[in-house]
>>> print(open('start06.cif').read())   # mmCIF, C-alpha atoms
data_run
#
loop_
_atom_site.label_atom_id
_atom_site.label_comp_id
_atom_site.auth_asym_id
_atom_site.auth_seq_id
_atom_site.Cartn_x
_atom_site.Cartn_y
_atom_site.Cartn_z
CA MET A 1 -24.41 26.92 -49.46
CA SER A 2 -27.89 26.99 -47.94
CA VAL A 3 -29.23 23.85 -46.29
CA SER A 4 -32.04 23.82 -48.82
CA THR A 5 -29.61 23.80 -51.76
CA SER A 6 -27.44 21.12 -50.23
CA ILE A 7 -30.49 18.89 -49.59
CA GLN A 8 -31.53 19.32 -53.22
CA GLN A 9 -28.05 18.61 -54.58
CA LYS A 10 -27.50 15.50 -52.51
CA LEU A 11 -30.89 13.97 -53.23
CA ASN A 12 -30.65 14.83 -56.93
CA GLU A 13 -27.23 13.22 -57.25
CA ALA A 14 -27.94 10.07 -55.29
CA LEU A 15 -31.54 9.28 -56.17
CA MET A 16 -32.02 10.92 -59.58
CA PRO A 17 -35.60 11.82 -58.74
CA ALA A 18 -38.34 12.26 -61.32
CA ARG A 19 -39.69 14.94 -59.02
CA LEU A 20 -38.20 16.67 -56.01
CA GLU A 21 -39.65 19.38 -53.83
CA VAL A 22 -37.77 20.81 -50.88
CA ILE A 23 -39.85 23.20 -48.83
CA ASP A 24 -38.44 25.16 -45.92
CA GLU A 25 -41.04 25.16 -43.15
CA SER A 26 -38.77 26.60 -40.48
CA HIS A 27 -40.94 29.69 -40.11
CA LEU A 28 -43.78 27.44 -38.89
CA HIS A 29 -41.59 26.30 -36.02
CA ALA A 30 -40.02 29.63 -35.02
CA GLY A 31 -39.43 29.80 -31.29
CA HIS A 32 -39.89 26.03 -30.93
CA ALA A 33 -37.04 23.99 -29.45
CA GLY A 34 -34.81 22.94 -32.33
CA ALA A 35 -35.62 25.98 -34.42
CA ARG A 36 -32.56 28.10 -35.13
CA PRO A 37 -32.60 31.88 -35.28
CA GLU A 38 -31.11 31.68 -38.77
CA GLY A 39 -33.86 29.30 -39.90
CA GLU A 40 -33.38 26.25 -42.18
CA SER A 41 -34.11 23.76 -39.41
CA HIS A 42 -37.43 22.24 -40.52
CA PHE A 43 -38.03 20.96 -44.04
CA ARG A 44 -40.68 19.12 -45.95
CA VAL A 45 -39.44 16.96 -48.82
CA GLU A 46 -41.45 15.22 -51.51
CA ILE A 47 -39.36 12.98 -53.67
CA VAL A 48 -40.26 10.60 -56.48
CA SER A 49 -37.61 8.12 -57.54
CA THR A 50 -37.40 4.66 -59.09
CA ARG A 51 -34.82 3.85 -56.38
CA PHE A 52 -37.62 3.46 -53.85
CA ALA A 53 -39.21 0.53 -55.70
CA GLY A 54 -39.49 -2.59 -53.54
CA LYS A 55 -38.42 -0.69 -50.42
CA SER A 56 -40.47 -0.26 -47.25
CA ARG A 57 -41.35 3.15 -45.87
CA VAL A 58 -38.70 2.82 -43.18
CA GLU A 59 -36.05 1.80 -45.73
CA ARG A 60 -36.93 4.74 -48.00
CA GLN A 61 -36.77 7.24 -45.19
CA ARG A 62 -33.47 5.77 -43.95
CA MET A 63 -32.01 6.16 -47.47
CA VAL A 64 -32.87 9.85 -47.44
CA TYR A 65 -31.77 10.39 -43.85
CA LYS A 66 -28.43 8.73 -44.53
CA LEU A 67 -27.75 11.04 -47.47
CA LEU A 68 -28.40 14.01 -45.21
CA ASP A 69 -26.44 12.88 -42.14
CA ILE A 70 -24.14 15.90 -42.32
CA GLU A 71 -27.13 18.24 -42.43
CA PHE A 72 -28.69 16.50 -39.42
CA ALA A 73 -25.41 16.81 -37.53
CA ASN A 74 -25.31 20.53 -38.32
CA GLY A 75 -28.68 21.75 -37.18
CA LEU A 76 -31.27 20.20 -39.50
CA HIS A 77 -33.87 19.31 -36.90
CA ALA A 78 -36.87 17.86 -38.67
CA LEU A 79 -37.61 16.48 -42.09
CA SER A 80 -41.11 15.60 -43.08
CA LEU A 81 -40.78 13.17 -45.92
CA LYS A 82 -42.93 11.73 -48.67
CA ALA A 83 -40.92 9.22 -50.70
CA LEU A 84 -42.73 7.63 -53.63
CA THR A 85 -41.98 5.62 -56.73
CA PRO A 86 -43.11 7.13 -60.07
CA ASP A 87 -45.96 4.57 -60.17
CA GLU A 88 -47.20 5.52 -56.71
CA ASP A 89 -46.90 9.19 -57.56
CA GLY A 90 -49.02 8.61 -60.68
CA GLU A 91 -51.72 6.83 -58.67
CA LYS A 92 -51.87 9.68 -56.20
CA LYS A 93 -52.22 12.25 -58.94
CA GLY A 94 -54.88 10.22 -60.71
CA PHE A 95 -56.80 9.91 -57.49
CA SER A 96 -56.64 13.58 -56.66
CA THR A 97 -57.84 14.69 -60.10
CA ARG A 98 -60.93 12.50 -59.76
CA THR A 99 -62.01 14.11 -56.52
CA MET B 1 -19.86 5.19 -29.64
CA THR B 2 -23.10 3.64 -28.57
CA ASP B 3 -23.67 3.58 -24.85
CA ALA B 4 -24.19 -0.09 -24.00
CA ALA B 5 -26.20 0.63 -20.85
CA THR B 6 -28.59 2.84 -22.83
CA ASP B 7 -29.03 0.12 -25.45
CA VAL B 8 -29.85 -2.40 -22.75
CA ARG B 9 -32.40 -0.03 -21.26
CA ILE B 10 -34.07 0.64 -24.63
CA GLN B 11 -34.16 -3.07 -25.45
CA ARG B 12 -35.79 -3.79 -22.10
CA GLU B 13 -38.42 -1.10 -22.64
CA ILE B 14 -39.43 -2.45 -26.06
CA ASP B 15 -39.38 -6.06 -24.80
CA ASP B 16 -41.51 -5.28 -21.75
CA THR B 17 -44.26 -3.24 -23.39
CA SER B 18 -46.12 -4.01 -26.64
CA VAL B 19 -46.42 -0.43 -27.84
CA VAL B 20 -43.71 2.06 -26.88
CA LEU B 21 -43.41 5.62 -28.13
CA PHE B 22 -40.13 7.44 -27.64
CA MET B 23 -41.22 11.07 -27.68
CA LYS B 24 -40.59 14.60 -26.54
CA GLY B 25 -42.72 15.29 -23.50
CA THR B 26 -45.38 12.96 -22.15
CA PRO B 27 -48.58 11.62 -23.76
CA MET B 28 -50.49 14.13 -21.61
CA PHE B 29 -48.15 17.01 -22.42
CA PRO B 30 -46.25 16.47 -25.67
CA GLN B 31 -43.48 19.02 -26.14
CA CYS B 32 -43.32 18.81 -29.92
CA GLY B 33 -45.91 18.83 -32.70
CA PHE B 34 -44.57 15.65 -34.30
CA SER B 35 -44.75 13.74 -31.02
CA ALA B 36 -48.23 15.15 -30.42
CA ALA B 37 -49.39 13.91 -33.84
CA VAL B 38 -48.38 10.32 -33.04
CA VAL B 39 -49.92 10.45 -29.56
CA ASN B 40 -53.08 11.72 -31.20
CA ALA B 41 -53.23 8.82 -33.67
CA LEU B 42 -52.64 6.23 -30.95
CA SER B 43 -55.22 7.86 -28.69
CA GLN B 44 -57.80 7.90 -31.49
CA MET B 45 -57.32 4.15 -31.83
CA ARG B 46 -57.51 3.74 -28.05
CA VAL B 47 -54.27 1.77 -28.03
CA LYS B 48 -52.57 1.18 -24.71
CA PHE B 49 -49.02 2.47 -25.05
CA LYS B 50 -46.11 3.69 -23.00
CA GLY B 51 -44.68 7.10 -23.75
CA ILE B 52 -41.03 7.60 -22.88
CA ASP B 53 -39.90 11.20 -22.63
CA VAL B 54 -36.42 11.47 -24.16
CA LEU B 55 -36.07 15.07 -23.00
CA THR B 56 -35.58 13.88 -19.42
CA ASP B 57 -32.42 11.98 -20.33
CA PRO B 58 -29.81 13.18 -22.85
CA SER B 59 -28.24 9.71 -23.13
CA LEU B 60 -31.64 8.30 -24.11
CA ARG B 61 -32.35 11.13 -26.54
CA ASP B 62 -29.11 10.40 -28.34
CA GLY B 63 -29.13 6.66 -27.70
CA ILE B 64 -32.53 5.96 -29.29
CA LYS B 65 -31.37 7.63 -32.53
CA LYS B 66 -28.40 5.27 -32.74
CA PHE B 67 -30.36 2.27 -31.55
CA SER B 68 -32.98 2.68 -34.29
CA ASN B 69 -30.63 4.14 -36.91
CA TRP B 70 -33.15 6.97 -37.16
CA PRO B 71 -32.16 10.60 -36.55
CA THR B 72 -35.47 12.06 -35.39
CA ILE B 73 -38.01 11.76 -32.56
CA PRO B 74 -40.77 10.47 -32.17
CA GLN B 75 -40.16 6.77 -32.77
CA LEU B 76 -42.79 4.07 -32.45
CA TYR B 77 -42.07 0.46 -31.53
CA VAL B 78 -44.61 -2.37 -31.65
CA LYS B 79 -43.64 -5.72 -30.13
CA GLY B 80 -39.98 -4.78 -30.21
CA GLU B 81 -40.04 -3.79 -33.87
CA PHE B 82 -39.38 -0.26 -35.11
CA VAL B 83 -42.44 0.99 -37.02
CA GLY B 84 -41.37 4.51 -37.92
CA GLY B 85 -41.51 8.18 -37.09
CA CYS B 86 -44.25 10.75 -37.41
CA ASP B 87 -44.70 10.65 -41.21
CA ILE B 88 -44.87 6.87 -41.39
CA VAL B 89 -47.17 6.48 -38.39
CA ARG B 90 -49.52 9.18 -39.70
CA GLU B 91 -49.63 7.60 -43.15
CA MET B 92 -50.21 4.11 -41.74
CA TYR B 93 -52.93 5.47 -39.48
CA GLU B 94 -54.72 7.10 -42.40
CA THR B 95 -54.57 3.99 -44.59
CA GLY B 96 -55.65 1.67 -41.76
CA GLU B 97 -52.34 -0.22 -41.87
CA LEU B 98 -51.49 0.78 -38.32
CA GLN B 99 -54.73 -0.62 -36.98
CA LYS B 100 -54.02 -3.85 -38.87
CA LEU B 101 -50.46 -4.05 -37.59
CA LEU B 102 -51.59 -3.56 -34.00
CA GLU B 103 -54.37 -6.12 -34.30
CA GLU B 104 -52.06 -8.67 -35.93
CA ASN B 105 -49.69 -8.24 -33.01
CA GLY B 106 -52.47 -8.79 -30.49
CA VAL B 107 -51.98 -5.36 -28.97
CA GLU B 108 -54.34 -4.33 -26.20
CA PHE B 109 -56.94 -1.68 -26.86
CA ALA B 110 -58.80 0.20 -24.16
CA ASP B 111 -62.29 -1.05 -23.42
CA PRO B 112 -64.69 1.17 -25.40
CA ALA B 113 -66.85 1.35 -22.27
CA GLU B 114 -64.09 3.17 -20.41
CA ALA B 115 -64.35 6.79 -21.42
#
>>> encode(input="start06.cif", output="structure tokens")
Amino acid sequence: MSVSTSIQQKLNEALMPARLEVIDESHLHAGHAGARPEGESHFRVEIVSTRFAGKSRVERQRMVYKLLDIEFANGLHALSLKALTPDEDGEKKGFSTRT
Amino acid sequence: MTDAATDVRIQREIDDTSVVLFMKGTPMFPQCGFSAAVVNALSQMRVKFKGIDVLTDPSLRDGIKKFSNWPTIPQLYVKGEFVGGCDIVREMYETGELQKLLEENGVEFADPAEA
């Protein structure tokens, strides 16, 4: 299974997100320390879930990191994360459409 | 197993200095884009901070991840408290929360007269 698929599966199962985007940005880091020749080392994740309500940024990111500990142990090097609640996601969208 | 000596060293670093950034490379020569982004934010705010290069010491590179329960570098500490990694610092910088946090903690800023 690709790293991308396993990230999606684990986050979907555990956090039941309203929205989930997993973007492989490994090509942007090719040749950089931590990049692997086979790719799938650097990801950007945007996830919207009610499970993040009442949690700090650090707590939210730790929740996601913990779910992906096997991936981190096996070569996942960097994960850029945006973790929002559905309310926060709505505010962001509303804001961006007004600009 | 967490290396006790490494934990003691990390604890001492974050006790001794108000703003500590565990990073790859040095503030002058960051070796990673994520570390560079945090250095950039702190420099823009003219905050006095200590950069600790984890690449010079494998036990530190591994130890800080366990110490903070955070699997990636960079990691920012203010007054002994873990603030976050690159995403969180960047977001807090953009919203002004980082400035507020630093001011509330009485962190030293460089004199604007010093260029």
>>> residues_around(input="start06.cif", residues="Gln44 (chain B)", least_positions_apart="5", cutoff="10 Å", atoms="only C-alpha atoms", output="ChimeraX atom specification")
/B:38-39,93
>>> interface_residues(input="start06.cif", of="chain A", to="chain B", cutoff="7 Å", atoms="all atoms listed in the file", output="VMD selection string")
chain A and resid 57 to 58 62 78 80 to 81
>>> atom_distance(input="start06.cif", atom1="CA of Gly31 (chain A)", atom2="CA of His77 (chain A)")
13.1 Å
>>> resolve_selection(input="start06.cif", expression="the PyMOL selection byres ((chain B and resi 49) around 12)", output="ChimeraX atom specification")
/B:13-14,16-23,26-27,38-43,45-48,50-52,76-79,102,107-110
>>> atom_distance(input="start06.cif", atom1="CA of Glu91 (chain A)", atom2="CA of Thr95 (chain B)")
14.6 Å
>>> closest_residue(input="start06.cif", among="A:Met1, A:Ala30, A:Ala53, A:Leu79", to="Tyr65 (chain A)", atoms="only C-alpha atoms")
A:Leu79
>>> closest_residue(input="start06.cif", among="A:Lys66, A:Lys55, A:Arg60, A:Arg44", to="Leu20 (chain A)", atoms="all atoms listed in the file")
A:Arg44
>>> resolve_selection(input="start06.cif", expression="the PyMOL selection byres ((chain A and resi 12-14) around 10)", output="JSON list (two decimals) with C-alpha atoms, in the coordinates of the input")
[["chain", "number", "residue", "atom", "x", "y", "z"],
["A", 6, "SER", "CA", -27.44, 21.12, -50.23],
["A", 7, "ILE", "CA", -30.49, 18.89, -49.59],
["A", 8, "GLN", "CA", -31.53, 19.32, -53.22],
["A", 9, "GLN", "CA", -28.05, 18.61, -54.58],
["A", 10, "LYS", "CA", -27.50, 15.50, -52.51],
["A", 11, "LEU", "CA", -30.89, 13.97, -53.23],
["A", 15, "LEU", "CA", -31.54, 9.28, -56.17],
["A", 16, "MET", "CA", -32.02, 10.92, -59.58],
["A", 17, "PRO", "CA", -35.60, 11.82, -58.74],
["A", 18, "ALA", "CA", -38.34, 12.26, -61.32],
["A", 19, "ARG", "CA", -39.69, 14.94, -59.02],
["A", 20, "LEU", "CA", -38.20, 16.67, -56.01],
["A", 47, "ILE", "CA", -39.36, 12.98, -53.67],
["A", 49, "SER", "CA", -37.61, 8.12, -57.54],
["A", 51, "ARG", "CA", -34.82, 3.85, -56.38],
["A", 63, "MET", "CA", -32.01, 6.16, -47.47],
["A", 64, "VAL", "CA", -32.87, 9.85, -47.44],
["A", 67, "LEU", "CA", -27.75, 11.04, -47.47]]
>>> residues_around(input="start06.cif", residues="Gly39 (chain A)", least_positions_apart="3", cutoff="10 Å", atoms="all atoms listed in the file", output="ChimeraX atom specification")
/A:3,24-27,29-30,34-36,42,75-76
>>> atom_distance(input="start06.cif", atom1="CA of Phe52 (chain A)", atom2="CA of Val89 (chain B)")
18.4 Å
